[in-house]
$ cat model.cif   # mmCIF, C-alpha atoms
data_input
loop_
_atom_site.label_atom_id
_atom_site.label_comp_id
_atom_site.auth_asym_id
_atom_site.auth_seq_id
_atom_site.Cartn_x
_atom_site.Cartn_y
_atom_site.Cartn_z
CA GLN E 1 20.63 -8.24 -0.78
CA VAL E 2 20.40 -4.48 -1.13
CA GLN E 3 17.66 -2.92 0.99
CA LEU E 4 15.88 0.37 0.32
CA GLN E 5 14.01 2.70 2.65
CA GLU E 6 12.02 5.73 1.57
CA SER E 7 11.55 8.79 3.78
CA GLY E 8 9.97 12.19 3.47
CA PRO E 9 6.91 14.25 4.35
CA GLY E 10 3.60 12.47 4.03
CA LEU E 11 1.70 15.68 3.28
CA VAL E 12 2.58 18.27 0.65
CA LYS E 13 0.61 21.40 -0.27
CA PRO E 14 -0.57 21.98 -3.84
CA SER E 15 1.97 23.84 -5.99
CA ASP E 16 4.79 22.93 -3.57
CA THR E 17 7.71 20.59 -4.24
CA LEU E 18 7.56 16.96 -3.15
CA SER E 19 10.96 15.75 -1.90
CA LEU E 20 11.75 12.15 -0.98
CA THR E 21 14.91 10.35 0.11
CA CYS E 22 15.82 6.72 -0.46
CA THR E 23 18.50 5.25 1.79
CA VAL E 24 20.38 2.23 0.47
CA SER E 25 21.74 -0.41 2.88
CA ASN E 26 23.56 -3.74 2.48
CA GLY E 27 25.21 -2.44 -0.65
CA SER E 28 26.84 0.53 -2.32
CA ILE E 29 24.94 3.04 -4.40
CA SER E 30 28.03 3.15 -6.61
CA SER E 31 27.62 -0.51 -7.60
CA SER E 32 27.50 -1.18 -11.30
CA PRO E 33 25.27 -1.92 -13.18
CA TYR E 34 22.60 -0.63 -10.87
CA TYR E 35 20.49 2.37 -11.59
CA TRP E 36 18.27 3.72 -8.84
CA GLY E 37 14.66 4.49 -9.59
CA TRP E 38 11.37 5.86 -8.36
CA ILE E 39 7.96 4.38 -9.10
CA ARG E 40 4.61 5.59 -7.81
CA GLN E 41 1.12 4.14 -7.40
CA PRO E 42 -1.96 6.35 -6.87
CA PRO E 43 -4.52 4.90 -4.47
CA GLY E 44 -6.33 1.98 -6.09
CA LYS E 45 -4.48 2.42 -9.38
CA GLY E 46 -1.54 0.99 -11.28
CA LEU E 47 2.19 1.58 -11.28
CA GLU E 48 3.96 4.50 -12.96
CA TRP E 49 7.71 4.76 -13.49
CA ILE E 50 8.99 8.24 -12.62
CA GLY E 51 12.67 8.05 -13.46
CA SER E 52 16.05 6.46 -12.80
CA ILE E 53 19.53 7.71 -11.96
CA TYR E 54 23.03 6.21 -12.11
CA TYR E 55 25.51 6.92 -9.34
CA SER E 56 27.46 9.17 -11.74
CA GLY E 57 24.40 11.40 -11.99
CA ASN E 58 23.16 10.22 -15.38
CA THR E 59 19.37 10.39 -15.33
CA TYR E 60 16.38 9.54 -17.44
CA TYR E 61 12.83 10.51 -16.66
CA SER E 62 9.33 9.62 -17.68
CA PRO E 63 8.33 11.77 -20.66
CA SER E 64 5.10 12.70 -18.90
CA LEU E 65 6.90 13.98 -15.78
CA LYS E 66 10.27 15.15 -17.06
CA ASN E 67 9.37 18.84 -16.87
CA ARG E 68 8.73 18.56 -13.12
CA VAL E 69 11.18 15.85 -11.96
CA THR E 70 14.73 16.08 -10.71
CA MET E 71 16.69 13.17 -9.24
CA SER E 72 20.07 13.29 -7.53
CA VAL E 73 22.51 11.01 -5.71
CA ASP E 74 24.63 11.33 -2.56
CA THR E 75 27.23 8.57 -2.84
CA TYR E 76 28.82 9.46 0.48
CA ASN E 77 25.64 8.81 2.43
CA ASN E 78 24.38 6.07 0.08
CA GLN E 79 21.19 7.96 -0.69
CA PHE E 80 19.30 9.16 -3.71
CA PHE E 81 16.55 11.72 -3.99
CA LEU E 82 13.38 12.64 -5.83
CA HIS E 83 12.09 16.16 -6.29
CA LEU E 84 8.75 16.74 -8.00
CA THR E 85 7.71 20.36 -8.46
CA SER E 86 4.31 22.04 -8.78
CA VAL E 87 2.42 19.11 -7.30
CA THR E 88 -1.34 18.67 -7.55
CA ALA E 89 -3.81 16.18 -6.13
CA ALA E 90 -2.96 13.91 -9.06
CA ASP E 91 0.48 13.38 -7.52
CA THR E 92 -1.05 11.76 -4.42
CA ALA E 93 0.37 8.24 -4.39
CA PHE E 94 2.52 5.63 -2.73
CA TYR E 95 6.10 6.30 -3.82
CA TYR E 96 8.56 3.41 -4.08
CA CYS E 97 12.30 3.52 -4.57
CA VAL E 98 13.75 0.61 -6.51
CA VAL E 99 16.89 -0.88 -7.96
CA ASP E 100 16.69 -0.52 -11.74
CA GLU E 101 18.79 -3.40 -13.09
CA ASP E 102 21.07 -2.17 -15.88
CA GLY E 103 18.91 0.87 -16.45
CA TYR E 104 16.81 -0.95 -19.02
CA ASN E 105 15.75 -4.21 -17.49
CA HIS E 106 13.68 -4.72 -14.38
CA PHE E 107 13.07 -3.45 -10.87
CA ASP E 108 14.30 -5.48 -7.91
CA PRO E 109 14.27 -5.03 -5.00
CA TRP E 110 11.69 -2.42 -3.98
CA GLY E 111 11.47 -0.30 -0.87
CA GLN E 112 8.37 -0.68 1.26
CA GLY E 113 6.98 2.55 -0.14
CA THR E 114 5.90 5.80 1.46
CA PRO E 115 2.49 7.49 1.09
CA VAL E 116 2.37 11.08 -0.06
CA THR E 117 -0.83 13.14 -0.02
CA VAL E 118 -1.13 16.46 -1.81
CA SER E 119 -3.65 18.59 0.01
CA SER E 120 -3.96 22.05 1.51
CA GLN L 121 3.51 6.42 -24.03
CA SER L 122 0.32 4.48 -23.28
CA ALA L 123 0.06 1.84 -20.60
CA LEU L 124 0.33 -1.78 -21.68
CA THR L 125 -3.05 -3.53 -21.86
CA GLN L 126 -3.86 -6.32 -19.43
CA PRO L 127 -7.21 -7.97 -18.67
CA PRO L 128 -8.69 -6.50 -15.46
CA SER L 129 -9.20 -9.89 -13.87
CA ALA L 130 -8.40 -13.59 -14.14
CA SER L 131 -9.35 -16.52 -12.00
CA GLY L 132 -8.85 -20.23 -11.56
CA SER L 133 -9.38 -23.05 -9.12
CA PRO L 134 -6.55 -24.40 -6.99
CA GLY L 135 -4.29 -26.55 -9.13
CA GLN L 136 -5.45 -25.02 -12.39
CA SER L 137 -3.51 -22.65 -14.63
CA VAL L 138 -4.17 -19.02 -15.44
CA THR L 139 -2.55 -16.94 -18.18
CA ILE L 140 -2.39 -13.14 -18.19
CA SER L 141 -1.70 -11.22 -21.38
CA CYS L 142 0.16 -7.93 -21.71
CA THR L 143 -0.25 -6.14 -25.03
CA GLY L 144 1.90 -3.25 -26.15
CA THR L 145 3.44 -2.02 -29.36
CA SER L 146 6.59 -2.44 -31.40
CA SER L 147 8.04 0.47 -29.39
CA ASP L 148 7.93 -1.44 -26.14
CA VAL L 149 6.97 -5.12 -25.75
CA GLY L 150 7.62 -5.97 -29.38
CA GLY L 151 10.85 -4.03 -29.58
CA TYR L 152 12.76 -5.33 -26.56
CA ASN L 153 13.17 -8.58 -24.65
CA TYR L 154 12.95 -6.64 -21.40
CA VAL L 155 9.48 -7.54 -20.21
CA SER L 156 9.08 -8.15 -16.50
CA TRP L 157 6.18 -9.18 -14.28
CA TYR L 158 5.39 -8.13 -10.71
CA GLN L 159 3.07 -9.58 -8.08
CA GLN L 160 1.51 -7.26 -5.54
CA HIS L 161 -0.45 -8.26 -2.47
CA PRO L 162 -2.71 -5.69 -0.75
CA GLY L 163 -0.71 -3.15 1.23
CA LYS L 164 2.61 -4.55 0.05
CA ALA L 165 5.30 -3.48 -2.38
CA PRO L 166 5.38 -5.26 -5.74
CA LYS L 167 7.64 -8.29 -6.08
CA LEU L 168 9.56 -9.28 -9.20
CA MET L 169 8.34 -12.62 -10.58
CA ILE L 170 9.69 -12.74 -14.15
CA TYR L 171 12.33 -10.68 -15.98
CA GLU L 172 13.69 -10.62 -19.51
CA VAL L 173 10.43 -12.17 -20.75
CA SER L 174 10.91 -15.63 -19.24
CA LYS L 175 13.59 -15.67 -16.53
CA ARG L 176 12.71 -16.37 -12.91
CA PRO L 177 14.58 -14.76 -10.02
CA SER L 178 15.83 -17.14 -7.38
CA GLY L 179 13.11 -18.00 -4.90
CA VAL L 180 10.23 -17.64 -7.38
CA PRO L 181 8.46 -21.00 -7.86
CA ASP L 182 8.77 -22.62 -11.27
CA ARG L 183 4.96 -22.53 -11.44
CA PHE L 184 5.47 -19.02 -12.82
CA SER L 185 6.53 -18.76 -16.45
CA GLY L 186 6.67 -16.03 -19.07
CA SER L 187 6.67 -15.80 -22.82
CA LYS L 188 6.31 -13.29 -25.64
CA SER L 189 4.98 -13.28 -29.17
CA GLY L 190 5.14 -10.13 -31.20
CA ASN L 191 3.74 -7.22 -29.21
CA THR L 192 2.12 -9.42 -26.55
CA ALA L 193 3.77 -10.93 -23.49
CA SER L 194 2.15 -13.50 -21.24
CA LEU L 195 2.50 -14.72 -17.67
CA THR L 196 1.27 -18.22 -16.83
CA VAL L 197 0.74 -19.44 -13.30
CA SER L 198 0.43 -23.21 -13.19
CA GLY L 199 -0.84 -25.23 -10.25
CA LEU L 200 -2.59 -22.21 -8.74
CA GLN L 201 -2.29 -21.82 -5.01
CA ALA L 202 -4.17 -19.56 -2.61
CA GLU L 203 -1.08 -17.38 -2.08
CA ASP L 204 -1.01 -16.57 -5.81
CA GLU L 205 -4.00 -14.27 -5.37
CA GLY L 206 -3.13 -10.64 -5.91
CA ASN L 207 -2.51 -8.05 -8.57
CA TYR L 208 -0.06 -8.66 -11.37
CA TYR L 209 1.61 -5.98 -13.46
CA CYS L 210 3.74 -6.33 -16.56
CA SER L 211 6.40 -3.81 -17.48
CA SER L 212 8.47 -3.22 -20.58
CA TYR L 213 11.50 -1.15 -21.40
CA ALA L 214 10.61 1.33 -24.14
CA GLY L 215 13.83 3.11 -25.00
CA SER L 216 14.97 5.38 -22.12
CA ASN L 217 11.50 4.84 -20.68
CA TYR L 218 9.51 2.13 -18.93
CA VAL L 219 5.85 1.36 -19.38
CA PHE L 220 3.69 -0.63 -16.98
CA GLY L 221 0.60 -2.64 -17.69
CA THR L 222 -2.86 -1.74 -16.42
CA GLY L 223 -2.79 -4.61 -13.92
CA THR L 224 -4.69 -7.88 -13.53
CA GLU L 225 -6.36 -9.07 -10.35
CA VAL L 226 -5.95 -12.83 -9.99
CA THR L 227 -8.47 -14.68 -7.86
CA VAL L 228 -8.19 -18.30 -6.77
CA VAL L 229 -11.79 -19.51 -6.54
#
$ encode --input "model.cif" --output "structure tokens"
Amino acid sequence: QVQLQESGPGLVKPSDTLSLTCTVSNGSISSSPYYWGWIRQPPGKGLEWIGSIYYSGNTYYSPSLKNRVTMSVDTYNNQFFLHLTSVTAADTAFYYCVVDEDGYNHFDPWGQGTPVTVSS
Amino acid sequence: QSALTQPPSASGSPGQSVTISCTGTSSDVGGYNYVSWYQQHPGKAPKLMIYEVSKRPSGVPDRFSGSKSGNTASLTVSGLQAEDEGNYYCSSYAGSNYVFGTGTEVTVV
């Protein structure tokens, strides 16, 4: 089965850009019908979908975050990326990368997640 | 888009059944048969338990079942076991968007 691994800085300053990488193994990021997504979970709270991207570059984002989110794909290195601008303490969360089945269905599998803290 | 509504907690004795509701609107749960359920243990990533309202991925025990009526989806865990304790989240496709539920903590007492 496809495996996902998130990486990136664990600490980001307020107003800076949060950038994360998800590396895909045991499968190709160009596999149809997979989309590749990001989901986050603030400490002690619930899950929030951030957005999803197809290997061709087609994206769709959460309406509440779309003004600050950009996602991209590197098919050569089997990676996809999340960039979230103008971060505040409210963006402190565990960030998970996921396979988004069909782009409208469900999320499976998930990466183990990476914690990101926004603080000066 | 508001979060889907779930009860904060649910509990049952070993061997009993527990049902968790997930209430949305006609724009999400009621509008699509793309409701999924996730189990999360403390410190772990969520795990898919049910997709497309009532389908079980391979490896998920048949004690887990899902259904939907109108704008409300439900997850039933039959024959509760200690390892079923954890947080459960529903999710629904909502037209180029996904919405998650508020989460339910299941306790096996």
$ interface_residues --input "model.cif" --of "chain E" --to "chain L" --cutoff "10 Å" --atoms "only C-alpha atoms" --output "list in words"
Lys45, Gly46, Leu47, Glu48, Trp49, Ile50, Gly51, Ser52, Thr59, Tyr60, Tyr61, Ser62, Pro63, Ser64, Phe94, Tyr95, Tyr96, Gly103, Tyr104, Asn105, His106, Phe107, Asp108, Pro109, Trp110, Gly111, Gln112 and Gly113 of chain E
$ closest_residue --input "model.cif" --among "E:Thr75, E:Ser120, E:Leu65, E:Pro115" --to "Pro9 of chain E" --atoms "all atoms listed in the file"
E:Pro115
$ atom_distance --input "model.cif" --atom1 "atom CA of Pro128 of chain L" --atom2 "atom CA of Lys66 of chain E"
28.8 Å
$ residues_near_point --input "model.cif" --point "(10.9, 21.6, -7.1)" --cutoff "12 Å" --atoms "only C-alpha atoms" --output "ChimeraX atom specification"
/E:12,14-20,66-71,81-87
$ write_last_selection --input "model.cif" --atoms "C-alpha atoms" --output "short mmCIF file (atom, residue, chain, number, x, y, z; two decimals), keeping the file's coordinate frame"
data_model
loop_
_atom_site.label_atom_id
_atom_site.label_comp_id
_atom_site.auth_asym_id
_atom_site.auth_seq_id
_atom_site.Cartn_x
_atom_site.Cartn_y
_atom_site.Cartn_z
CA VAL E 12 2.58 18.27 0.65
CA PRO E 14 -0.57 21.98 -3.84
CA SER E 15 1.97 23.84 -5.99
CA ASP E 16 4.79 22.93 -3.57
CA THR E 17 7.71 20.59 -4.24
CA LEU E 18 7.56 16.96 -3.15
CA SER E 19 10.96 15.75 -1.90
CA LEU E 20 11.75 12.15 -0.98
CA LYS E 66 10.27 15.15 -17.06
CA ASN E 67 9.37 18.84 -16.87
CA ARG E 68 8.73 18.56 -13.12
CA VAL E 69 11.18 15.85 -11.96
CA THR E 70 14.73 16.08 -10.71
CA MET E 71 16.69 13.17 -9.24
CA PHE E 81 16.55 11.72 -3.99
CA LEU E 82 13.38 12.64 -5.83
CA HIS E 83 12.09 16.16 -6.29
CA LEU E 84 8.75 16.74 -8.00
CA THR E 85 7.71 20.36 -8.46
CA SER E 86 4.31 22.04 -8.78
CA VAL E 87 2.42 19.11 -7.30
#
$ atom_distance --input "model.cif" --atom1 "atom CA of Ser31 of chain E" --atom2 "atom CA of Gln160 of chain L"
27.0 Å
$ atom_distance --input "model.cif" --atom1 "atom CA of Val24 of chain E" --atom2 "atom CA of Val73 of chain E"
10.9 Å
$ resolve_selection --input "model.cif" --expression "the PyMOL selection byres ((chain E and resi 37) around 6)" --output "list in words"
Trp36, Trp38, Gly51, Ser52, Cys97, Val98 and Asp100 of chain E
$ resolve_selection --input "model.cif" --expression "the PyMOL selection byres ((chain L and resi 201) around 12)" --output "mmCIF file with C-alpha atoms, in the frame of the given file"
data_model
loop_
_atom_site.group_PDB
_atom_site.id
_atom_site.type_symbol
_atom_site.label_atom_id
_atom_site.label_comp_id
_atom_site.auth_asym_id
_atom_site.auth_seq_id
_atom_site.Cartn_x
_atom_site.Cartn_y
_atom_site.Cartn_z
ATOM 1 C CA SER L 131 -9.350 -16.520 -12.000
ATOM 2 C CA GLY L 132 -8.850 -20.230 -11.560
ATOM 3 C CA SER L 133 -9.380 -23.050 -9.120
ATOM 4 C CA PRO L 134 -6.550 -24.400 -6.990
ATOM 5 C CA GLY L 135 -4.290 -26.550 -9.130
ATOM 6 C CA GLN L 136 -5.450 -25.020 -12.390
ATOM 7 C CA SER L 137 -3.510 -22.650 -14.630
ATOM 8 C CA VAL L 138 -4.170 -19.020 -15.440
ATOM 9 C CA PRO L 181 8.460 -21.000 -7.860
ATOM 10 C CA ARG L 183 4.960 -22.530 -11.440
ATOM 11 C CA PHE L 184 5.470 -19.020 -12.820
ATOM 12 C CA VAL L 197 0.740 -19.440 -13.300
ATOM 13 C CA SER L 198 0.430 -23.210 -13.190
ATOM 14 C CA GLY L 199 -0.840 -25.230 -10.250
ATOM 15 C CA LEU L 200 -2.590 -22.210 -8.740
ATOM 16 C CA ALA L 202 -4.170 -19.560 -2.610
ATOM 17 C CA GLU L 203 -1.080 -17.380 -2.080
ATOM 18 C CA ASP L 204 -1.010 -16.570 -5.810
ATOM 19 C CA GLU L 205 -4.000 -14.270 -5.370
ATOM 20 C CA GLY L 206 -3.130 -10.640 -5.910
ATOM 21 C CA VAL L 226 -5.950 -12.830 -9.990
ATOM 22 C CA THR L 227 -8.470 -14.680 -7.860
ATOM 23 C CA VAL L 228 -8.190 -18.300 -6.770
ATOM 24 C CA VAL L 229 -11.790 -19.510 -6.540
#
$ residues_around --input "model.cif" --residues "Thr143 of chain L" --least-positions-apart "3" --cutoff "6 Å" --atoms "all atoms listed in the file" --output "ChimeraX atom specification"
/L:124-125,191-192
$ closest_residue --input "model.cif" --among "L:Ser189, L:Gln159, L:Thr196, L:Glu225" --to "Ile140 of chain L" --atoms "only C-alpha atoms"
L:Thr196
$ resolve_selection --input "model.cif" --expression "the PyMOL selection byres ((chain E and resi 74) around 12)" --output "PyMOL selection string"
chain E and resi 21-24+28-30+36+53-57+71-73+75-82
$ write_last_selection --input "model.cif" --atoms "C-alpha atoms" --output "short mmCIF file (atom, residue, chain, number, x, y, z; two decimals), in the frame of the given file"
data_model
loop_
_atom_site.label_atom_id
_atom_site.label_comp_id
_atom_site.auth_asym_id
_atom_site.auth_seq_id
_atom_site.Cartn_x
_atom_site.Cartn_y
_atom_site.Cartn_z
CA THR E 21 14.91 10.35 0.11
CA CYS E 22 15.82 6.72 -0.46
CA THR E 23 18.50 5.25 1.79
CA VAL E 24 20.38 2.23 0.47
CA SER E 28 26.84 0.53 -2.32
CA ILE E 29 24.94 3.04 -4.40
CA SER E 30 28.03 3.15 -6.61
CA TRP E 36 18.27 3.72 -8.84
CA ILE E 53 19.53 7.71 -11.96
CA TYR E 54 23.03 6.21 -12.11
CA TYR E 55 25.51 6.92 -9.34
CA SER E 56 27.46 9.17 -11.74
CA GLY E 57 24.40 11.40 -11.99
CA MET E 71 16.69 13.17 -9.24
CA SER E 72 20.07 13.29 -7.53
CA VAL E 73 22.51 11.01 -5.71
CA THR E 75 27.23 8.57 -2.84
CA TYR E 76 28.82 9.46 0.48
CA ASN E 77 25.64 8.81 2.43
CA ASN E 78 24.38 6.07 0.08
CA GLN E 79 21.19 7.96 -0.69
CA PHE E 80 19.30 9.16 -3.71
CA PHE E 81 16.55 11.72 -3.99
CA LEU E 82 13.38 12.64 -5.83
#
$ closest_residue --input "model.cif" --among "L:Gly190, L:Ser185, L:Gly151, L:Ser178" --to "Thr139 of chain L" --atoms "only C-alpha atoms"
L:Ser185
$ build_atoms --input "model.cif" --residues "segment 87-98 of chain E" --atoms "N, CA, C and O atoms" --output "short mmCIF file (atom, residue, chain, number, x, y, z; two decimals), keeping the file's coordinate frame"
data_model
loop_
_atom_site.label_atom_id
_atom_site.label_comp_id
_atom_site.auth_asym_id
_atom_site.auth_seq_id
_atom_site.Cartn_x
_atom_site.Cartn_y
_atom_site.Cartn_z
N VAL E 87 3.28 20.29 -7.47
CA VAL E 87 2.42 19.11 -7.30
C VAL E 87 0.94 19.50 -7.23
O VAL E 87 0.58 20.62 -6.83
N THR E 88 0.11 18.55 -7.65
CA THR E 88 -1.34 18.67 -7.55
C THR E 88 -1.88 17.40 -6.91
O THR E 88 -1.13 16.47 -6.63
N ALA E 89 -3.19 17.36 -6.73
CA ALA E 89 -3.81 16.18 -6.13
C ALA E 89 -3.50 14.92 -6.93
O ALA E 89 -3.47 13.81 -6.37
N ALA E 90 -3.27 15.06 -8.20
CA ALA E 90 -2.96 13.91 -9.06
C ALA E 90 -1.63 13.26 -8.72
O ALA E 90 -1.35 12.14 -9.16
N ASP E 91 -0.81 13.94 -7.93
CA ASP E 91 0.48 13.38 -7.52
C ASP E 91 0.38 12.60 -6.20
O ASP E 91 1.38 12.06 -5.72
N THR E 92 -0.82 12.57 -5.63
CA THR E 92 -1.05 11.76 -4.42
C THR E 92 -0.86 10.29 -4.76
O THR E 92 -1.50 9.77 -5.68
N ALA E 93 0.03 9.62 -4.04
CA ALA E 93 0.37 8.24 -4.39
C ALA E 93 1.28 7.63 -3.34
O ALA E 93 1.81 8.33 -2.47
N PHE E 94 1.44 6.30 -3.44
CA PHE E 94 2.52 5.63 -2.73
C PHE E 94 3.75 5.76 -3.64
O PHE E 94 3.68 5.50 -4.83
N TYR E 95 4.87 6.15 -3.06
CA TYR E 95 6.10 6.30 -3.82
C TYR E 95 7.10 5.23 -3.36
O TYR E 95 7.38 5.09 -2.17
N TYR E 96 7.61 4.49 -4.35
CA TYR E 96 8.56 3.41 -4.08
C TYR E 96 9.92 3.77 -4.68
O TYR E 96 9.99 4.25 -5.82
N CYS E 97 10.99 3.48 -3.95
CA CYS E 97 12.30 3.52 -4.57
C CYS E 97 12.71 2.09 -4.89
O CYS E 97 12.33 1.14 -4.19
N VAL E 98 13.45 1.94 -5.98
CA VAL E 98 13.75 0.61 -6.51
C VAL E 98 15.17 0.56 -7.06
O VAL E 98 15.76 1.60 -7.39
#
